[in-house]
$ cat input34.cif   # mmCIF, N, CA, C and O atoms
data_coords
#
loop_
_atom_site.group_PDB
_atom_site.id
_atom_site.type_symbol
_atom_site.label_atom_id
_atom_site.label_comp_id
_atom_site.auth_asym_id
_atom_site.auth_seq_id
_atom_site.Cartn_x
_atom_site.Cartn_y
_atom_site.Cartn_z
ATOM 1 N N MET A 6 34.937 -32.164 2.669
ATOM 2 C CA MET A 6 34.921 -30.795 3.113
ATOM 3 C C MET A 6 33.515 -30.217 3.075
ATOM 4 O O MET A 6 33.104 -29.517 3.964
ATOM 5 N N GLN A 7 32.785 -30.533 1.999
ATOM 6 C CA GLN A 7 31.437 -30.023 1.854
ATOM 7 C C GLN A 7 30.524 -30.570 2.950
ATOM 8 O O GLN A 7 29.686 -29.851 3.476
ATOM 9 N N ILE A 8 30.706 -31.815 3.340
ATOM 10 C CA ILE A 8 29.895 -32.417 4.393
ATOM 11 C C ILE A 8 30.129 -31.700 5.707
ATOM 12 O O ILE A 8 29.188 -31.395 6.436
ATOM 13 N N ALA A 9 31.384 -31.403 6.036
ATOM 14 C CA ALA A 9 31.684 -30.678 7.272
ATOM 15 C C ALA A 9 31.012 -29.308 7.265
ATOM 16 O O ALA A 9 30.477 -28.867 8.277
ATOM 17 N N GLN A 10 31.016 -28.643 6.128
ATOM 18 C CA GLN A 10 30.374 -27.329 6.032
ATOM 19 C C GLN A 10 28.864 -27.462 6.216
ATOM 20 O O GLN A 10 28.244 -26.644 6.886
ATOM 21 N N GLN A 11 28.262 -28.504 5.649
ATOM 22 C CA GLN A 11 26.829 -28.723 5.801
ATOM 23 C C GLN A 11 26.474 -28.981 7.256
ATOM 24 O O GLN A 11 25.469 -28.476 7.746
ATOM 25 N N LEU A 12 27.288 -29.765 7.957
ATOM 26 C CA LEU A 12 27.039 -30.025 9.368
ATOM 27 C C LEU A 12 27.136 -28.745 10.176
ATOM 28 O O LEU A 12 26.321 -28.493 11.060
ATOM 29 N N GLN A 13 28.132 -27.933 9.885
ATOM 30 C CA GLN A 13 28.293 -26.673 10.599
ATOM 31 C C GLN A 13 27.094 -25.764 10.344
ATOM 32 O O GLN A 13 26.573 -25.146 11.251
ATOM 33 N N ASP A 14 26.639 -25.694 9.106
ATOM 34 C CA ASP A 14 25.485 -24.870 8.773
ATOM 35 C C ASP A 14 24.233 -25.373 9.479
ATOM 36 O O ASP A 14 23.431 -24.604 9.960
ATOM 37 N N ARG A 15 24.054 -26.679 9.532
ATOM 38 C CA ARG A 15 22.888 -27.255 10.173
ATOM 39 C C ARG A 15 22.862 -26.949 11.662
ATOM 40 O O ARG A 15 21.826 -26.652 12.224
ATOM 41 N N ARG A 16 24.013 -26.975 12.300
ATOM 42 C CA ARG A 16 24.070 -26.721 13.734
ATOM 43 C C ARG A 16 23.858 -25.250 14.078
ATOM 44 O O ARG A 16 23.490 -24.926 15.187
ATOM 45 N N SER A 17 24.093 -24.366 13.133
ATOM 46 C CA SER A 17 23.928 -22.944 13.427
ATOM 47 C C SER A 17 22.462 -22.531 13.437
ATOM 48 O O SER A 17 22.126 -21.482 13.943
ATOM 49 N N THR A 18 21.583 -23.356 12.873
ATOM 50 C CA THR A 18 20.156 -23.048 12.909
ATOM 51 C C THR A 18 19.524 -23.798 14.072
ATOM 52 O O THR A 18 19.778 -24.982 14.277
ATOM 53 N N VAL A 19 18.729 -23.098 14.831
ATOM 54 C CA VAL A 19 18.082 -23.688 15.991
ATOM 55 C C VAL A 19 16.693 -24.150 15.593
ATOM 56 O O VAL A 19 15.884 -23.340 15.134
ATOM 57 N N PRO A 20 16.399 -25.454 15.741
ATOM 58 C CA PRO A 20 15.073 -25.945 15.372
ATOM 59 C C PRO A 20 13.990 -25.358 16.278
ATOM 60 O O PRO A 20 14.232 -25.039 17.440
ATOM 61 N N GLU A 21 12.811 -25.229 15.729
ATOM 62 C CA GLU A 21 11.663 -24.784 16.503
ATOM 63 C C GLU A 21 11.322 -25.845 17.545
ATOM 64 O O GLU A 21 11.585 -27.029 17.350
ATOM 65 N N GLN A 22 10.709 -25.436 18.638
ATOM 66 C CA GLN A 22 10.321 -26.367 19.695
ATOM 67 C C GLN A 22 9.371 -27.438 19.146
ATOM 68 O O GLN A 22 9.442 -28.588 19.530
ATOM 69 N N SER A 23 8.493 -27.038 18.221
ATOM 70 C CA SER A 23 7.538 -27.998 17.659
ATOM 71 C C SER A 23 8.248 -29.091 16.862
ATOM 72 O O SER A 23 7.775 -30.229 16.813
ATOM 73 N N GLU A 24 9.396 -28.769 16.254
ATOM 74 C CA GLU A 24 10.159 -29.787 15.530
ATOM 75 C C GLU A 24 10.675 -30.847 16.491
ATOM 76 O O GLU A 24 10.666 -32.038 16.175
ATOM 77 N N HIS A 25 11.137 -30.414 17.664
ATOM 78 C CA HIS A 25 11.598 -31.374 18.671
ATOM 79 C C HIS A 25 10.425 -32.242 19.127
ATOM 80 O O HIS A 25 10.548 -33.457 19.251
ATOM 81 N N TRP A 26 9.295 -31.604 19.388
ATOM 82 C CA TRP A 26 8.114 -32.327 19.871
ATOM 83 C C TRP A 26 7.679 -33.389 18.871
ATOM 84 O O TRP A 26 7.399 -34.525 19.230
ATOM 85 N N HIS A 27 7.650 -33.053 17.588
ATOM 86 C CA HIS A 27 7.184 -33.985 16.567
ATOM 87 C C HIS A 27 8.165 -35.134 16.326
ATOM 88 O O HIS A 27 7.761 -36.179 15.807
ATOM 89 N N SER A 28 9.411 -34.971 16.703
ATOM 90 C CA SER A 28 10.379 -36.056 16.500
ATOM 91 C C SER A 28 10.414 -37.030 17.677
ATOM 92 O O SER A 28 11.139 -38.022 17.636
ATOM 93 N N MET A 29 9.618 -36.768 18.713
ATOM 94 C CA MET A 29 9.555 -37.667 19.871
ATOM 95 C C MET A 29 8.556 -38.793 19.617
ATOM 96 O O MET A 29 7.589 -38.633 18.878
ATOM 97 N N SER A 30 8.790 -39.935 20.274
ATOM 98 C CA SER A 30 7.835 -41.046 20.207
ATOM 99 C C SER A 30 6.645 -40.735 21.122
ATOM 100 O O SER A 30 6.720 -39.850 21.990
ATOM 101 N N ALA A 31 5.567 -41.464 20.943
ATOM 102 C CA ALA A 31 4.375 -41.270 21.784
ATOM 103 C C ALA A 31 4.704 -41.550 23.251
ATOM 104 O O ALA A 31 4.220 -40.844 24.145
ATOM 105 N N GLU A 32 5.546 -42.544 23.505
ATOM 106 C CA GLU A 32 5.934 -42.879 24.876
ATOM 107 C C GLU A 32 6.714 -41.739 25.524
ATOM 108 O O GLU A 32 6.541 -41.435 26.700
ATOM 109 N N GLN A 33 7.595 -41.104 24.752
ATOM 110 C CA GLN A 33 8.363 -39.965 25.269
ATOM 111 C C GLN A 33 7.436 -38.796 25.595
ATOM 112 O O GLN A 33 7.588 -38.142 26.620
ATOM 113 N N LYS A 34 6.475 -38.546 24.721
ATOM 114 C CA LYS A 34 5.532 -37.453 24.946
ATOM 115 C C LYS A 34 4.721 -37.682 26.212
ATOM 116 O O LYS A 34 4.508 -36.746 26.998
ATOM 117 N N MET A 35 4.279 -38.914 26.439
ATOM 118 C CA MET A 35 3.506 -39.228 27.641
ATOM 119 C C MET A 35 4.349 -39.041 28.900
ATOM 120 O O MET A 35 3.881 -38.498 29.897
ATOM 121 N N ALA A 36 5.607 -39.479 28.846
ATOM 122 C CA ALA A 36 6.496 -39.337 30.000
ATOM 123 C C ALA A 36 6.755 -37.858 30.292
ATOM 124 O O ALA A 36 6.701 -37.433 31.457
ATOM 125 N N LEU A 37 7.016 -37.074 29.259
ATOM 126 C CA LEU A 37 7.254 -35.642 29.455
ATOM 127 C C LEU A 37 6.003 -34.958 29.978
ATOM 128 O O LEU A 37 6.083 -34.114 30.874
ATOM 129 N N TYR A 38 4.856 -35.325 29.460
ATOM 130 C CA TYR A 38 3.602 -34.729 29.915
ATOM 131 C C TYR A 38 3.415 -34.948 31.417
ATOM 132 O O TYR A 38 3.010 -34.045 32.141
ATOM 133 N N SER A 39 3.756 -36.152 31.904
ATOM 134 C CA SER A 39 3.607 -36.434 33.334
ATOM 135 C C SER A 39 4.623 -35.674 34.185
ATOM 136 O O SER A 39 4.389 -35.442 35.370
ATOM 137 N N LEU A 40 5.747 -35.258 33.588
ATOM 138 C CA LEU A 40 6.772 -34.518 34.331
ATOM 139 C C LEU A 40 6.592 -33.008 34.268
ATOM 140 O O LEU A 40 7.242 -32.276 35.011
ATOM 141 N N HIS A 41 5.710 -32.534 33.387
ATOM 142 C CA HIS A 41 5.472 -31.089 33.276
ATOM 143 C C HIS A 41 5.033 -30.486 34.604
ATOM 144 O O HIS A 41 5.434 -29.379 34.945
ATOM 145 N N ARG A 42 4.232 -31.190 35.360
ATOM 146 C CA ARG A 42 3.728 -30.643 36.627
ATOM 147 C C ARG A 42 4.839 -30.431 37.650
ATOM 148 O O ARG A 42 4.676 -29.711 38.619
ATOM 149 N N PHE A 43 5.993 -31.073 37.439
ATOM 150 C CA PHE A 43 7.143 -30.890 38.328
ATOM 151 C C PHE A 43 8.108 -29.839 37.782
ATOM 152 O O PHE A 43 9.175 -29.630 38.347
ATOM 153 N N GLY A 44 7.751 -29.216 36.669
ATOM 154 C CA GLY A 44 8.571 -28.146 36.116
ATOM 155 C C GLY A 44 9.554 -28.561 35.035
ATOM 156 O O GLY A 44 10.382 -27.755 34.619
ATOM 157 N N TYR A 45 9.496 -29.803 34.567
ATOM 158 C CA TYR A 45 10.410 -30.234 33.505
ATOM 159 C C TYR A 45 9.951 -29.678 32.173
ATOM 160 O O TYR A 45 8.764 -29.557 31.907
ATOM 161 N N ARG A 46 10.929 -29.319 31.341
ATOM 162 C CA ARG A 46 10.640 -28.803 30.013
ATOM 163 C C ARG A 46 11.565 -29.488 29.004
ATOM 164 O O ARG A 46 12.663 -29.933 29.347
ATOM 165 N N LEU A 47 11.118 -29.557 27.779
ATOM 166 C CA LEU A 47 11.893 -30.176 26.714
ATOM 167 C C LEU A 47 12.967 -29.216 26.230
ATOM 168 O O LEU A 47 12.672 -28.067 25.888
ATOM 169 N N LEU A 48 14.211 -29.673 26.218
ATOM 170 C CA LEU A 48 15.309 -28.865 25.698
ATOM 171 C C LEU A 48 15.523 -29.143 24.209
ATOM 172 O O LEU A 48 15.526 -28.239 23.394
ATOM 173 N N PHE A 49 15.724 -30.425 23.882
ATOM 174 C CA PHE A 49 15.942 -30.823 22.499
ATOM 175 C C PHE A 49 15.811 -32.327 22.397
ATOM 176 O O PHE A 49 15.716 -33.028 23.405
ATOM 177 N N VAL A 50 15.820 -32.820 21.162
ATOM 178 C CA VAL A 50 15.795 -34.262 20.900
ATOM 179 C C VAL A 50 17.048 -34.599 20.112
ATOM 180 O O VAL A 50 17.321 -33.989 19.080
ATOM 181 N N ARG A 51 17.814 -35.530 20.624
ATOM 182 C CA ARG A 51 19.029 -35.995 19.956
ATOM 183 C C ARG A 51 18.670 -37.262 19.178
ATOM 184 O O ARG A 51 18.047 -38.168 19.725
ATOM 185 N N HIS A 52 19.041 -37.306 17.910
ATOM 186 C CA HIS A 52 18.722 -38.456 17.061
ATOM 187 C C HIS A 52 19.889 -39.440 17.091
ATOM 188 O O HIS A 52 20.971 -39.142 16.600
ATOM 189 N N LEU A 53 19.650 -40.599 17.700
ATOM 190 C CA LEU A 53 20.662 -41.635 17.848
ATOM 191 C C LEU A 53 20.281 -42.854 17.022
ATOM 192 O O LEU A 53 19.104 -43.008 16.654
ATOM 193 N N PRO A 54 21.231 -43.742 16.726
ATOM 194 C CA PRO A 54 20.889 -44.973 15.990
ATOM 195 C C PRO A 54 19.829 -45.818 16.712
ATOM 196 O O PRO A 54 19.032 -46.494 16.067
ATOM 197 N N SER A 55 19.786 -45.732 18.037
ATOM 198 C CA SER A 55 18.798 -46.498 18.804
ATOM 199 C C SER A 55 17.441 -45.822 18.856
ATOM 200 O O SER A 55 16.492 -46.382 19.393
ATOM 201 N N GLY A 56 17.332 -44.609 18.317
ATOM 202 C CA GLY A 56 16.073 -43.874 18.306
ATOM 203 C C GLY A 56 16.239 -42.513 18.947
ATOM 204 O O GLY A 56 17.315 -42.161 19.431
ATOM 205 N N PRO A 57 15.160 -41.727 18.973
ATOM 206 C CA PRO A 57 15.261 -40.374 19.526
ATOM 207 C C PRO A 57 15.484 -40.394 21.039
ATOM 208 O O PRO A 57 14.941 -41.238 21.749
ATOM 209 N N LEU A 58 16.296 -39.466 21.518
ATOM 210 C CA LEU A 58 16.546 -39.299 22.942
ATOM 211 C C LEU A 58 16.137 -37.878 23.305
ATOM 212 O O LEU A 58 16.755 -36.917 22.848
ATOM 213 N N ALA A 59 15.067 -37.749 24.075
ATOM 214 C CA ALA A 59 14.582 -36.439 24.485
ATOM 215 C C ALA A 59 15.357 -35.988 25.711
ATOM 216 O O ALA A 59 15.484 -36.729 26.682
ATOM 217 N N VAL A 60 15.892 -34.780 25.660
ATOM 218 C CA VAL A 60 16.641 -34.217 26.783
ATOM 219 C C VAL A 60 15.758 -33.146 27.417
ATOM 220 O O VAL A 60 15.292 -32.231 26.740
ATOM 221 N N ILE A 61 15.521 -33.301 28.715
ATOM 222 C CA ILE A 61 14.630 -32.410 29.450
ATOM 223 C C ILE A 61 15.369 -31.804 30.631
ATOM 224 O O ILE A 61 16.442 -32.287 31.002
ATOM 225 N N ALA A 62 14.803 -30.765 31.219
ATOM 226 C CA ALA A 62 15.468 -30.124 32.359
ATOM 227 C C ALA A 62 14.441 -29.522 33.298
ATOM 228 O O ALA A 62 13.347 -29.126 32.893
ATOM 229 N N GLN A 63 14.836 -29.469 34.549
ATOM 230 C CA GLN A 63 14.100 -28.777 35.600
ATOM 231 C C GLN A 63 15.154 -27.972 36.351
ATOM 232 O O GLN A 63 16.010 -28.555 37.014
ATOM 233 N N HIS A 64 15.096 -26.660 36.220
ATOM 234 C CA HIS A 64 16.130 -25.781 36.767
ATOM 235 C C HIS A 64 17.490 -26.232 36.240
ATOM 236 O O HIS A 64 17.698 -26.206 35.043
ATOM 237 N N ASN A 65 18.401 -26.695 37.074
ATOM 238 C CA ASN A 65 19.720 -27.145 36.614
ATOM 239 C C ASN A 65 19.827 -28.654 36.514
ATOM 240 O O ASN A 65 20.896 -29.165 36.202
ATOM 241 N N GLN A 66 18.756 -29.380 36.786
ATOM 242 C CA GLN A 66 18.785 -30.833 36.713
ATOM 243 C C GLN A 66 18.390 -31.290 35.311
ATOM 244 O O GLN A 66 17.286 -30.986 34.842
ATOM 245 N N VAL A 67 19.291 -32.004 34.645
ATOM 246 C CA VAL A 67 19.050 -32.507 33.294
ATOM 247 C C VAL A 67 18.710 -33.984 33.379
ATOM 248 O O VAL A 67 19.319 -34.737 34.140
ATOM 249 N N ALA A 68 17.729 -34.396 32.594
ATOM 250 C CA ALA A 68 17.324 -35.795 32.517
ATOM 251 C C ALA A 68 17.085 -36.129 31.053
ATOM 252 O O ALA A 68 17.087 -35.250 30.188
ATOM 253 N N SER A 69 16.891 -37.408 30.759
ATOM 254 C CA SER A 69 16.609 -37.813 29.387
ATOM 255 C C SER A 69 15.493 -38.855 29.383
ATOM 256 O O SER A 69 15.242 -39.524 30.388
ATOM 257 N N ILE A 70 14.826 -38.946 28.242
ATOM 258 C CA ILE A 70 13.753 -39.920 28.060
ATOM 259 C C ILE A 70 14.077 -40.718 26.806
ATOM 260 O O ILE A 70 14.194 -40.155 25.713
ATOM 261 N N CYS A 71 14.236 -42.034 26.962
ATOM 262 C CA CYS A 71 14.545 -42.884 25.811
ATOM 263 C C CYS A 71 13.288 -43.093 24.968
ATOM 264 O O CYS A 71 12.179 -42.710 25.352
ATOM 265 N N GLN A 72 13.451 -43.709 23.824
ATOM 266 C CA GLN A 72 12.356 -43.912 22.877
ATOM 267 C C GLN A 72 11.187 -44.683 23.503
ATOM 268 O O GLN A 72 10.035 -44.450 23.164
ATOM 269 N N GLN A 73 11.471 -45.574 24.454
ATOM 270 C CA GLN A 73 10.428 -46.365 25.090
ATOM 271 C C GLN A 73 9.721 -45.605 26.206
ATOM 272 O O GLN A 73 8.808 -46.130 26.840
ATOM 273 N N GLY A 74 10.142 -44.373 26.506
ATOM 274 C CA GLY A 74 9.494 -43.555 27.518
ATOM 275 C C GLY A 74 10.089 -43.670 28.908
ATOM 276 O O GLY A 74 9.546 -43.125 29.860
ATOM 277 N N GLU A 75 11.214 -44.343 29.036
ATOM 278 C CA GLU A 75 11.864 -44.488 30.339
ATOM 279 C C GLU A 75 12.708 -43.241 30.636
ATOM 280 O O GLU A 75 13.498 -42.800 29.804
ATOM 281 N N VAL A 76 12.508 -42.681 31.821
ATOM 282 C CA VAL A 76 13.191 -41.456 32.213
ATOM 283 C C VAL A 76 14.479 -41.797 32.959
ATOM 284 O O VAL A 76 14.466 -42.626 33.866
ATOM 285 N N ASP A 77 15.567 -41.161 32.564
ATOM 286 C CA ASP A 77 16.856 -41.332 33.233
ATOM 287 C C ASP A 77 17.202 -40.004 33.909
ATOM 288 O O ASP A 77 17.575 -39.038 33.240
ATOM 289 N N PHE A 78 17.023 -39.952 35.228
ATOM 290 C CA PHE A 78 17.302 -38.731 35.970
ATOM 291 C C PHE A 78 18.792 -38.543 36.244
ATOM 292 O O PHE A 78 19.203 -37.511 36.758
ATOM 293 N N ASP A 79 19.605 -39.552 35.904
ATOM 294 C CA ASP A 79 21.057 -39.479 36.082
ATOM 295 C C ASP A 79 21.735 -39.640 34.723
ATOM 296 O O ASP A 79 22.669 -40.419 34.566
ATOM 297 N N THR A 80 21.252 -38.887 33.748
ATOM 298 C CA THR A 80 21.751 -39.017 32.384
ATOM 299 C C THR A 80 23.179 -38.490 32.254
ATOM 300 O O THR A 80 23.596 -37.630 33.019
ATOM 301 N N LYS A 81 23.893 -39.013 31.289
ATOM 302 C CA LYS A 81 25.277 -38.602 31.037
ATOM 303 C C LYS A 81 25.363 -37.670 29.832
ATOM 304 O O LYS A 81 26.432 -37.450 29.295
ATOM 305 N N VAL A 82 24.255 -37.083 29.416
ATOM 306 C CA VAL A 82 24.241 -36.169 28.276
ATOM 307 C C VAL A 82 25.016 -34.911 28.622
ATOM 308 O O VAL A 82 24.824 -34.314 29.672
ATOM 309 N N GLN A 83 25.915 -34.534 27.718
ATOM 310 C CA GLN A 83 26.724 -33.324 27.903
ATOM 311 C C GLN A 83 26.066 -32.183 27.153
ATOM 312 O O GLN A 83 25.756 -32.311 25.972
ATOM 313 N N LEU A 84 25.859 -31.066 27.813
ATOM 314 C CA LEU A 84 25.289 -29.889 27.180
ATOM 315 C C LEU A 84 26.387 -28.909 26.822
ATOM 316 O O LEU A 84 27.365 -28.768 27.551
ATOM 317 N N ARG A 85 26.218 -28.220 25.709
ATOM 318 C CA ARG A 85 27.179 -27.190 25.308
ATOM 319 C C ARG A 85 26.954 -25.956 26.160
ATOM 320 O O ARG A 85 25.862 -25.657 26.570
ATOM 321 N N GLU A 86 28.010 -25.230 26.377
ATOM 322 C CA GLU A 86 27.923 -23.977 27.149
ATOM 323 C C GLU A 86 27.378 -22.869 26.308
ATOM 324 O O GLU A 86 27.507 -22.719 25.185
#
$ encode --input "input34.cif" --output "structure tokens"
Amino acid sequence: MQIAQQLQDRRSTVPEQSEHWHSMSAEQKMALYSLHRFGYRLLFVRHLPSGPLAVIAQHNQVASICQQGEVDFDTKVQLRE
């Protein structure tokens, strides 16, 4: 029960943008930097067993960048409303 409460408390706090940036790999940062000129911005970083997954967006188009810096423009990441 206490673990569920801790998870709920953790999700209610929104991390600073710099926290997301610092949790990205160097390859992810380079890929995002190259996409900035097209209007992509970092939304958040999801921590997965395979490594950090950066979720980015341009208007309503969502994409993701894996730990190795590969961009997936057809990502299956679900965003909360």
$ closest_residue --input "input34.cif" --among "A:Leu84, A:Tyr38, A:His25, A:Phe49" --to "A:Ser69" --atoms "only N, CA, C and O atoms"
A:Phe49
$ residues_around --input "input34.cif" --residues "A:Ala62" --least-positions-apart "6" --cutoff "4.5 Å" --atoms "all atoms listed in the file" --output "ChimeraX atom specification"
/A:44-46
$ closest_residue --input "input34.cif" --among "A:Gln72, A:Arg85, A:Pro54, A:Asp79" --to "A:Gln33" --atoms "all atoms listed in the file"
A:Gln72
$ residues_around --input "input34.cif" --residues "A:Leu53" --least-positions-apart "5" --cutoff "12 Å" --atoms "only C-alpha atoms" --output "list in words"
Ser28, Met29, Leu58, Ala59, Cys71 and Gln72 of chain A
$ atom_distance --input "input34.cif" --atom1 "atom CA of A:Val76" --atom2 "atom CA of A:Glu32"
10.4 Å
$ select_by_dssp --input "input34.cif" --residues "chain A" --states "strand (DSSP E or B)" --output "ChimeraX atom specification"
/A:46-53,56-63,66-70,76-77
$ closest_residue --input "input34.cif" --among "A:Gly56, A:Gln83, A:Ile61, A:Ala68" --to "A:Ser30" --atoms "only N, CA, C and O atoms"
A:Gly56
$ atom_distance --input "input34.cif" --atom1 "atom CA of A:Ala36" --atom2 "atom CA of A:Asp77"
11.0 Å
$ atom_distance --input "input34.cif" --atom1 "atom N of A:Phe78" --atom2 "atom O of A:Leu48"
16.7 Å
$ closest_residue --input "input34.cif" --among "A:Asn65, A:Ser55, A:Gly74, A:Glu21" --to "A:Met35" --atoms "all atoms listed in the file"
A:Gly74
$ build_atoms --input "input34.cif" --residues "stretch 26-35 of chain A" --atoms "all heavy atoms" --output "mmCIF file, in the coordinates of the input"
data_model
loop_
_atom_site.group_PDB
_atom_site.id
_atom_site.type_symbol
_atom_site.label_atom_id
_atom_site.label_comp_id
_atom_site.auth_asym_id
_atom_site.auth_seq_id
_atom_site.Cartn_x
_atom_site.Cartn_y
_atom_site.Cartn_z
ATOM 1 N N TRP A 26 9.295 -31.604 19.388
ATOM 2 C CA TRP A 26 8.114 -32.327 19.871
ATOM 3 C C TRP A 26 7.679 -33.389 18.871
ATOM 4 O O TRP A 26 7.399 -34.525 19.230
ATOM 5 C CB TRP A 26 6.986 -31.336 20.152
ATOM 6 C CG TRP A 26 5.730 -31.990 20.613
ATOM 7 C CD1 TRP A 26 4.613 -32.255 19.865
ATOM 8 C CD2 TRP A 26 5.438 -32.504 21.924
ATOM 9 N NE1 TRP A 26 3.664 -32.881 20.632
ATOM 10 C CE2 TRP A 26 4.143 -33.038 21.892
ATOM 11 C CE3 TRP A 26 6.166 -32.548 23.114
ATOM 12 C CZ2 TRP A 26 3.544 -33.612 23.002
ATOM 13 C CZ3 TRP A 26 5.574 -33.126 24.220
ATOM 14 C CH2 TRP A 26 4.282 -33.649 24.166
ATOM 15 N N HIS A 27 7.650 -33.053 17.588
ATOM 16 C CA HIS A 27 7.184 -33.985 16.567
ATOM 17 C C HIS A 27 8.165 -35.134 16.326
ATOM 18 O O HIS A 27 7.761 -36.179 15.807
ATOM 19 C CB HIS A 27 6.892 -33.253 15.260
ATOM 20 C CG HIS A 27 5.699 -32.355 15.350
ATOM 21 N ND1 HIS A 27 4.438 -32.817 15.649
ATOM 22 C CD2 HIS A 27 5.587 -31.024 15.217
ATOM 23 C CE1 HIS A 27 3.592 -31.810 15.675
ATOM 24 N NE2 HIS A 27 4.265 -30.696 15.429
ATOM 25 N N SER A 28 9.411 -34.971 16.703
ATOM 26 C CA SER A 28 10.379 -36.056 16.500
ATOM 27 C C SER A 28 10.414 -37.030 17.677
ATOM 28 O O SER A 28 11.139 -38.022 17.636
ATOM 29 C CB SER A 28 11.773 -35.489 16.231
ATOM 30 O OG SER A 28 12.246 -34.776 17.342
ATOM 31 N N MET A 29 9.618 -36.768 18.713
ATOM 32 C CA MET A 29 9.555 -37.667 19.871
ATOM 33 C C MET A 29 8.556 -38.793 19.617
ATOM 34 O O MET A 29 7.589 -38.633 18.878
ATOM 35 C CB MET A 29 9.118 -36.894 21.121
ATOM 36 C CG MET A 29 10.123 -35.883 21.596
ATOM 37 S SD MET A 29 9.475 -34.800 22.902
ATOM 38 C CE MET A 29 9.091 -35.959 24.194
ATOM 39 N N SER A 30 8.790 -39.935 20.274
ATOM 40 C CA SER A 30 7.835 -41.046 20.207
ATOM 41 C C SER A 30 6.645 -40.735 21.122
ATOM 42 O O SER A 30 6.720 -39.850 21.990
ATOM 43 C CB SER A 30 8.507 -42.347 20.648
ATOM 44 O OG SER A 30 8.801 -42.305 22.036
ATOM 45 N N ALA A 31 5.567 -41.464 20.943
ATOM 46 C CA ALA A 31 4.375 -41.270 21.784
ATOM 47 C C ALA A 31 4.704 -41.550 23.251
ATOM 48 O O ALA A 31 4.220 -40.844 24.145
ATOM 49 C CB ALA A 31 3.252 -42.180 21.310
ATOM 50 N N GLU A 32 5.546 -42.544 23.505
ATOM 51 C CA GLU A 32 5.934 -42.879 24.876
ATOM 52 C C GLU A 32 6.714 -41.739 25.524
ATOM 53 O O GLU A 32 6.541 -41.435 26.700
ATOM 54 C CB GLU A 32 6.754 -44.171 24.903
ATOM 55 C CG GLU A 32 5.970 -45.414 24.522
ATOM 56 C CD GLU A 32 5.856 -45.632 23.019
ATOM 57 O OE1 GLU A 32 6.385 -44.808 22.226
ATOM 58 O OE2 GLU A 32 5.221 -46.626 22.620
ATOM 59 N N GLN A 33 7.595 -41.104 24.752
ATOM 60 C CA GLN A 33 8.363 -39.965 25.269
ATOM 61 C C GLN A 33 7.436 -38.796 25.595
ATOM 62 O O GLN A 33 7.588 -38.142 26.620
ATOM 63 C CB GLN A 33 9.418 -39.522 24.254
ATOM 64 C CG GLN A 33 10.578 -40.473 24.134
ATOM 65 C CD GLN A 33 11.495 -40.102 22.998
ATOM 66 O OE1 GLN A 33 11.045 -39.812 21.888
ATOM 67 N NE2 GLN A 33 12.795 -40.119 23.268
ATOM 68 N N LYS A 34 6.475 -38.546 24.721
ATOM 69 C CA LYS A 34 5.532 -37.453 24.946
ATOM 70 C C LYS A 34 4.721 -37.682 26.212
ATOM 71 O O LYS A 34 4.508 -36.746 26.998
ATOM 72 C CB LYS A 34 4.605 -37.293 23.742
ATOM 73 C CG LYS A 34 5.313 -36.767 22.514
ATOM 74 C CD LYS A 34 4.377 -36.719 21.327
ATOM 75 C CE LYS A 34 5.106 -36.263 20.074
ATOM 76 N NZ LYS A 34 4.231 -36.255 18.896
ATOM 77 N N MET A 35 4.279 -38.914 26.439
ATOM 78 C CA MET A 35 3.506 -39.228 27.641
ATOM 79 C C MET A 35 4.349 -39.041 28.900
ATOM 80 O O MET A 35 3.881 -38.498 29.897
ATOM 81 C CB MET A 35 2.950 -40.648 27.553
ATOM 82 C CG MET A 35 1.851 -40.777 26.516
ATOM 83 S SD MET A 35 1.249 -42.454 26.196
ATOM 84 C CE MET A 35 1.333 -43.266 27.735
#
